[in-house]
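For reference, my_file.tsv (TSV, C-alpha atoms):
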```tsv
chain	number	residue	atom	x	y	z
A	273	MET	CA	170.19	67.92	44.28
A	274	SER	CA	166.85	66.39	45.21
A	275	VAL	CA	165.90	62.90	44.14
A	276	GLN	CA	162.31	62.25	43.09
A	277	PRO	CA	160.77	59.00	44.33
A	278	ALA	CA	160.22	56.41	41.68
A	279	ALA	CA	156.70	56.16	40.35
A	280	PRO	CA	154.84	53.18	41.81
A	281	HIS	CA	154.59	50.16	39.55
A	282	LEU	CA	151.02	49.44	38.56
A	283	ALA	CA	150.26	45.78	38.08
A	284	THR	CA	148.28	44.89	35.00
A	285	VAL	CA	145.83	42.06	34.75
A	286	THR	CA	144.92	40.45	31.45
A	287	THR	CA	141.55	38.78	31.08
A	288	THR	CA	140.40	36.55	28.27
A	289	LEU	CA	136.94	35.75	27.00
A	290	ARG	CA	136.13	32.13	27.78
A	291	HIS	CA	132.45	31.73	26.95
A	292	THR	CA	129.36	33.55	25.72
A	293	VAL	CA	125.94	32.17	26.63
A	294	ARG	CA	122.69	33.05	24.89
A	295	LEU	CA	119.20	31.81	25.67
A	296	VAL	CA	117.16	31.56	22.47
A	297	HIS	CA	113.41	31.15	21.96
A	298	ALA	CA	112.83	27.94	19.99
A	299	SER	CA	109.97	29.35	17.89
A	300	THR	CA	111.15	32.86	17.09
A	301	GLY	CA	114.93	32.56	17.41
A	302	ALA	CA	114.89	35.73	19.53
A	303	ARG	CA	117.34	36.02	22.41
A	304	LEU	CA	115.74	36.02	25.82
A	305	ARG	CA	116.20	39.04	28.06
A	306	GLY	CA	115.62	39.60	31.76
A	307	LEU	CA	118.31	37.29	33.14
A	308	ASP	CA	120.06	36.88	36.48
A	309	ALA	CA	123.05	34.54	36.49
A	310	HIS	CA	126.13	33.37	38.35
A	311	LEU	CA	128.88	30.80	37.94
A	312	GLU	CA	128.76	27.64	39.99
A	313	PRO	CA	131.25	26.84	41.27
A	314	ALA	CA	133.01	30.15	40.72
A	315	PRO	CA	136.68	29.36	39.90
A	316	VAL	CA	139.32	31.72	41.22
A	317	GLY	CA	139.90	34.51	38.72
A	318	TRP	CA	136.73	33.85	36.71
A	319	SER	CA	133.89	36.35	36.33
A	320	LEU	CA	130.49	36.61	34.66
A	321	ARG	CA	128.83	39.70	33.20
A	322	VAL	CA	125.10	39.81	32.58
A	323	LEU	CA	124.29	41.89	29.51
A	324	PRO	CA	120.71	42.42	28.26
A	325	ASP	CA	120.64	39.34	26.01
A	326	VAL	CA	123.98	37.59	26.49
A	327	LEU	CA	126.10	36.28	29.36
A	328	VAL	CA	129.85	36.83	29.10
A	329	VAL	CA	132.28	34.61	31.03
A	330	SER	CA	135.89	35.81	31.36
A	331	ALA	CA	138.95	34.61	33.25
A	332	ARG	CA	142.22	36.17	34.30
A	333	ALA	CA	145.16	34.99	32.25
A	334	ASP	CA	146.96	33.92	35.43
A	335	ALA	CA	143.96	32.07	36.85
A	336	PRO	CA	144.47	28.33	37.36
A	337	GLU	CA	142.49	26.12	35.04
A	338	PRO	CA	139.62	24.46	36.94
A	339	ALA	CA	139.44	20.68	37.00
A	340	ALA	CA	136.07	20.91	35.28
A	341	PRO	CA	134.28	23.83	33.60
A	342	PRO	CA	131.79	25.62	35.86
A	343	THR	CA	128.10	25.83	35.05
A	344	VAL	CA	126.02	28.95	34.60
A	345	VAL	CA	122.94	29.13	36.81
A	346	VAL	CA	120.39	31.41	35.10
A	347	THR	CA	117.12	32.64	36.58
A	348	LEU	CA	114.53	34.29	34.34
A	349	THR	CA	113.50	37.48	36.11
A	350	ASP	CA	110.60	38.23	33.77
A	351	GLY	CA	107.81	36.16	35.28
A	352	ALA	CA	105.39	36.83	32.43
A	353	LEU	CA	107.95	35.55	29.93
A	354	ALA	CA	108.78	32.51	32.05
A	355	ASP	CA	105.09	31.57	32.25
A	356	VAL	CA	105.03	30.88	28.49
A	357	LEU	CA	108.31	28.95	28.40
A	358	VAL	CA	109.09	25.38	29.40
A	359	VAL	CA	111.40	25.74	32.41
A	360	PRO	CA	111.35	22.46	34.35
A	361	PRO	CA	111.86	22.88	38.11
A	362	VAL	CA	115.37	22.17	39.38
A	363	VAL	CA	115.60	20.68	42.87
A	364	GLY	CA	117.03	23.17	45.33
A	365	ARG	CA	116.83	26.08	42.90
A	366	PRO	CA	114.47	29.05	42.70
A	367	PRO	CA	111.60	28.83	40.21
A	368	ARG	CA	112.37	29.70	36.57
A	369	THR	CA	116.00	28.58	36.91
A	370	LEU	CA	118.14	26.86	34.27
A	371	VAL	CA	121.54	25.22	34.80
A	372	ILE	CA	123.65	25.45	31.63
A	373	ASP	CA	126.92	23.63	30.95
A	374	LEU	CA	129.82	25.64	29.55
A	375	ASP	CA	130.76	22.95	27.03
A	376	ALA	CA	131.70	25.25	24.12
A	377	PRO	CA	133.10	28.77	23.64
A	378	ASP	CA	129.72	29.95	22.31
A	379	VAL	CA	126.78	28.32	24.06
A	380	GLU	CA	123.28	28.70	22.64
A	381	HIS	CA	120.65	27.26	24.96
A	382	VAL	CA	117.28	26.78	23.25
A	383	VAL	CA	114.19	27.31	25.42
A	384	HIS	CA	110.90	25.92	24.14
A	385	PRO	CA	107.50	27.59	24.50
A	386	VAL	CA	104.63	26.00	26.39
A	387	PRO	CA	101.82	24.47	24.30
A	388	MET	CA	99.65	27.25	22.89
A	389	THR	CA	96.29	27.40	21.13
A	390	LEU	CA	95.34	29.34	18.03
A	391	THR	CA	91.68	30.39	17.71
A	392	VAL	CA	90.25	31.77	14.47
A	393	VAL	CA	86.82	33.39	14.35
A	394	LEU	CA	85.54	33.38	10.77
A	395	THR	CA	82.77	35.51	9.28
A	396	THR	CA	81.29	35.66	5.79
A	397	PRO	CA	82.20	38.67	3.64
A	398	SER	CA	78.68	39.66	2.58
A	399	THR	CA	76.66	39.44	5.79
A	400	GLY	CA	79.20	39.20	8.57
A	401	ALA	CA	77.48	36.04	9.77
A	402	PRO	CA	79.64	33.31	11.31
A	403	ARG	CA	81.30	31.11	8.70
A	404	THR	CA	80.42	27.60	9.81
A	405	GLY	CA	81.41	24.15	8.59
A	406	ALA	CA	84.80	25.17	7.19
A	407	ALA	CA	87.95	23.04	7.13
A	408	VAL	CA	90.53	25.31	8.79
A	409	THR	CA	94.20	24.38	8.90
A	410	ALA	CA	97.41	26.08	10.00
A	411	ARG	CA	100.26	25.14	7.65
A	412	ALA	CA	103.95	25.74	8.25
A	413	THR	CA	105.68	28.16	5.91
A	414	SER	CA	108.85	26.06	5.94
A	415	GLY	CA	109.85	22.45	6.35
A	416	PRO	CA	109.53	19.26	4.33
A	417	ASP	CA	107.05	18.75	1.52
A	418	PRO	CA	104.24	18.33	2.34
A	419	ARG	CA	104.64	21.00	4.97
A	420	PRO	CA	103.57	20.25	8.54
A	421	SER	CA	100.04	21.33	9.38
A	422	ILE	CA	97.77	21.60	12.42
A	423	ALA	CA	93.98	21.27	12.22
A	424	LEU	CA	91.67	23.86	13.80
A	425	PRO	CA	88.36	22.05	14.31
A	426	GLU	CA	85.19	24.07	14.80
A	427	VAL	CA	84.54	24.43	18.54
A	428	GLY	CA	81.66	26.91	18.32
A	429	THR	CA	79.60	28.66	15.68
A	430	GLY	CA	82.22	30.01	13.28
A	431	THR	CA	84.99	29.55	15.86
A	432	TYR	CA	87.91	27.23	15.10
A	433	ARG	CA	90.62	26.28	17.62
A	434	SER	CA	93.73	24.16	17.56
A	435	ALA	CA	94.75	21.80	20.32
A	436	PRO	CA	97.48	23.17	22.62
A	437	VAL	CA	100.73	22.52	20.72
A	438	GLU	CA	104.25	23.86	20.50
A	439	TRP	CA	104.31	26.21	17.52
A	440	THR	CA	107.78	25.48	16.20
A	441	ALA	CA	109.95	27.76	14.11
A	442	ALA	CA	108.42	26.23	10.98
A	443	PHE	CA	105.11	27.87	11.97
A	444	THR	CA	106.67	31.30	12.53
A	445	PRO	CA	104.85	32.62	10.59
A	446	LEU	CA	102.12	30.22	9.41
A	447	ASP	CA	99.67	30.09	6.52
A	448	LEU	CA	96.01	29.79	7.48
A	449	LEU	CA	94.06	27.67	5.02
A	450	VAL	CA	90.27	27.50	4.66
A	451	GLY	CA	89.08	24.60	2.57
A	452	GLY	CA	92.68	24.09	1.46
A	453	GLN	CA	92.96	27.66	0.13
A	454	PRO	CA	95.32	30.21	1.71
A	455	LEU	CA	93.44	32.97	3.53
A	456	ARG	CA	96.07	34.84	5.54
A	457	THR	CA	99.62	34.56	6.86
A	458	LEU	CA	99.58	34.76	10.65
A	459	ALA	CA	101.95	34.70	13.60
A	460	VAL	CA	101.13	33.14	16.95
A	461	ASP	CA	101.60	35.57	19.84
A	462	VAL	CA	104.30	33.79	21.86
A	463	SER	CA	103.79	36.14	24.82
A	464	THR	CA	100.51	34.43	25.68
A	465	SER	CA	99.27	30.83	25.76
A	466	SER	CA	96.31	31.58	23.47
A	467	THR	CA	96.09	33.66	20.31
A	468	THR	CA	92.71	34.71	18.85
A	469	VAL	CA	92.23	36.33	15.45
A	470	HIS	CA	89.06	37.47	13.66
A	471	LEU	CA	89.05	37.04	9.89
A	472	VAL	CA	86.64	37.39	7.00
A	473	ASP	CA	86.60	34.28	4.86
A	474	THR	CA	87.39	35.52	1.34
A	475	THR	CA	88.52	32.16	-0.04
```
Any chance you could put this one into structure tokens?
Amino acid sequence: MSVQPAAPHLATVTTTLRHTVRLVHASTGARLRGLDAHLEPAPVGWSLRVLPDVLVVSARADAPEPAAPPTVVVTLTDGALADVLVVPPVVGRPPRTLVIDLDAPDVEHVVHPVPMTLTVVLTTPSTGAPRTGAAVTARATSGPDPRPSIALPEVGTGTYRSAPVEWTAAFTPLDLLVGGQPLRTLAVDVSTSSTTVHLVDTT
């Protein structure tokens, strides 16, 4: 009678989800993509996965608990996106790098846009001539009453431009007023530092 060797015992490892990290655009609420990240320090048995718009931190069930939670060091790999976001330089880190504390199971790190201008070029409906001397205002579509507003003074013949400001979520979208009357609902292009729109003044 022959005796078959016992099948080898396969060890199993259980991992648990410890944290999820999302970087969110302050104006649009959209999750940022184009991320490179690592844990620092990297505790024994911990790992980080970089998905398109979320970072997932897991740990082995048998891993010792670190004395303090690690941080996530995130670098924005999309340079064009980083150019229109406020990412203060961190000493000793590559440009466009953020250091995020893992202080909750679900971490949402809000990233603010750089100050941006909105330019509106107005023409008259009958002749197409520049509409000059108008009082042009961008008004938030949400927020307290009265709603926040930003003036667009005339900077050229029929051309109105705001100062560089952070267009908050309340202005996403915004109502454009001419002489206090709504003309159009607009959205600032957050992929560039200056948005220009051409409109016919029908107020």
Quick one: residues within 7 Å of range 439-443 of chain A, all atoms listed in the file, excluding same-chain residues fewer than 4 positions away - as a tab-separated table (two decimals) with C-alpha atoms, keeping the file's coordinate frame?
```tsv
chain	number	residue	atom	x	y	z
A	298	ALA	CA	112.83	27.94	19.99
A	299	SER	CA	109.97	29.35	17.89
A	300	THR	CA	111.15	32.86	17.09
A	412	ALA	CA	103.95	25.74	8.25
A	413	THR	CA	105.68	28.16	5.91
A	414	SER	CA	108.85	26.06	5.94
A	415	GLY	CA	109.85	22.45	6.35
```
Contact residues around His310 in chain A with all atoms listed in the file at 12 Å, ignoring same-chain residues under 6 positions, as a VMD selection string = chain A and resid 293 318 to 322 327 to 329 342 to 347 369 to 372
key: Atom pair CA of Arg433 in chain A / CA of Gln453 in chain A: separation (Å)   =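 Distance between the two atoms: 17.7 Å.
The nearest approach to Thr474 in chain A among the residues A:Leu394, A:Leu458, A:Val362, A:Ala410, with only C-alpha atoms taken into account, belongs to A:Leu394.
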ask   = Hey, what's within 6 Å of range 387-390 of chain A if we count all atoms listed in the file and toss same-chain stuff fewer than 6 positions away? As a list in words, please?
value = Arg433, Ser434, Ala435, Pro436, Val437, Glu438, Ser465, Ser466 and Thr467 of chain A
Filtering to C-alpha atoms, could you give me those residues as a PDB file, in the frame of the given file?
```pdb
ATOM      1  CA  ARG A 433      90.620  26.280  17.620  1.00  0.00           C
ATOM      2  CA  SER A 434      93.730  24.160  17.560  1.00  0.00           C
ATOM      3  CA  ALA A 435      94.750  21.800  20.320  1.00  0.00           C
ATOM      4  CA  PRO A 436      97.480  23.170  22.620  1.00  0.00           C
ATOM      5  CA  VAL A 437     100.730  22.520  20.720  1.00  0.00           C
ATOM      6  CA  GLU A 438     104.250  23.860  20.500  1.00  0.00           C
ATOM      7  CA  SER A 465      99.270  30.830  25.760  1.00  0.00           C
ATOM      8  CA  SER A 466      96.310  31.580  23.470  1.00  0.00           C
ATOM      9  CA  THR A 467      96.090  33.660  20.310  1.00  0.00           C
TER      10      THR A 467
END
```
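For the pair CA of Thr475 in chain A and CA of Leu449 in chain A, the separation is 8.7 Å.
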task = Enter the distance from CA of Asp325 in chain A to CA of Glu337 in chain A, in Å, rounded to one decimal.
result =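 About the pair CA of Asp325 in chain A and CA of Glu337 in chain A: they are 27.1 Å apart.
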inquiry  = Residues near Ala407 in chain A, anyone? I mean within 10 Å using all atoms listed in the file, not counting same-chain ones fewer than 6 positions away, as a list in words.
reply    =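 The contact residues come out as Ala423, Leu424, Pro425, Glu426, Tyr432, Leu449, Val450, Gly451, Gly452 and Gln453 of chain A.
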Atoms added to range 356-373 of chain A (N, CA and C atoms), reported as an mmCIF file, in the frame of the given file:
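Wrote result-v5.cif, looks like this:
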```cif
data_model
loop_
_atom_site.group_PDB
_atom_site.id
_atom_site.type_symbol
_atom_site.label_atom_id
_atom_site.label_comp_id
_atom_site.auth_asym_id
_atom_site.auth_seq_id
_atom_site.Cartn_x
_atom_site.Cartn_y
_atom_site.Cartn_z
ATOM 1 N N VAL A 356 105.329 31.441 29.810
ATOM 2 C CA VAL A 356 105.030 30.880 28.490
ATOM 3 C C VAL A 356 106.235 30.133 27.920
ATOM 4 N N LEU A 357 107.156 29.747 28.803
ATOM 5 C CA LEU A 357 108.310 28.950 28.400
ATOM 6 C C LEU A 357 108.354 27.676 29.247
ATOM 7 N N VAL A 358 108.927 26.633 28.666
ATOM 8 C CA VAL A 358 109.090 25.380 29.400
ATOM 9 C C VAL A 358 110.380 25.462 30.199
ATOM 10 N N VAL A 359 110.240 25.653 31.513
ATOM 11 C CA VAL A 359 111.400 25.740 32.410
ATOM 12 C C VAL A 359 111.158 24.724 33.531
ATOM 13 N N PRO A 360 111.606 23.481 33.330
ATOM 14 C CA PRO A 360 111.350 22.460 34.350
ATOM 15 C C PRO A 360 111.967 22.856 35.690
ATOM 16 N N PRO A 361 111.295 22.548 36.803
ATOM 17 C CA PRO A 361 111.860 22.880 38.110
ATOM 18 C C PRO A 361 113.151 22.114 38.360
ATOM 19 N N VAL A 362 114.100 22.780 39.005
ATOM 20 C CA VAL A 362 115.370 22.170 39.380
ATOM 21 C C VAL A 362 115.412 22.081 40.902
ATOM 22 N N VAL A 363 115.620 20.885 41.420
ATOM 23 C CA VAL A 363 115.600 20.680 42.870
ATOM 24 C C VAL A 363 116.620 21.591 43.548
ATOM 25 N N GLY A 364 116.151 22.290 44.566
ATOM 26 C CA GLY A 364 117.030 23.170 45.330
ATOM 27 C C GLY A 364 117.298 24.510 44.702
ATOM 28 N N ARG A 365 116.624 24.803 43.595
ATOM 29 C CA ARG A 365 116.830 26.080 42.900
ATOM 30 C C ARG A 365 115.558 26.902 42.950
ATOM 31 N N PRO A 366 115.669 28.215 42.789
ATOM 32 C CA PRO A 366 114.470 29.050 42.700
ATOM 33 C C PRO A 366 113.669 28.702 41.450
ATOM 34 N N PRO A 367 112.386 29.038 41.434
ATOM 35 C CA PRO A 367 111.600 28.830 40.210
ATOM 36 C C PRO A 367 112.202 29.584 39.031
ATOM 37 N N ARG A 368 111.938 29.074 37.827
ATOM 38 C CA ARG A 368 112.370 29.700 36.570
ATOM 39 C C ARG A 368 113.888 29.700 36.419
ATOM 40 N N THR A 369 114.538 28.654 36.948
ATOM 41 C CA THR A 369 116.000 28.580 36.910
ATOM 42 C C THR A 369 116.456 27.485 35.954
ATOM 43 N N LEU A 370 117.507 27.795 35.194
ATOM 44 C CA LEU A 370 118.140 26.860 34.270
ATOM 45 C C LEU A 370 119.602 26.695 34.652
ATOM 46 N N VAL A 371 120.120 25.488 34.553
ATOM 47 C CA VAL A 371 121.540 25.220 34.800
ATOM 48 C C VAL A 371 122.154 24.813 33.460
ATOM 49 N N ILE A 372 123.115 25.607 32.989
ATOM 50 C CA ILE A 372 123.650 25.450 31.630
ATOM 51 C C ILE A 372 125.126 25.100 31.708
ATOM 52 N N ASP A 373 125.516 24.041 31.002
ATOM 53 C CA ASP A 373 126.920 23.630 30.950
ATOM 54 C C ASP A 373 127.703 24.544 30.006
#
```
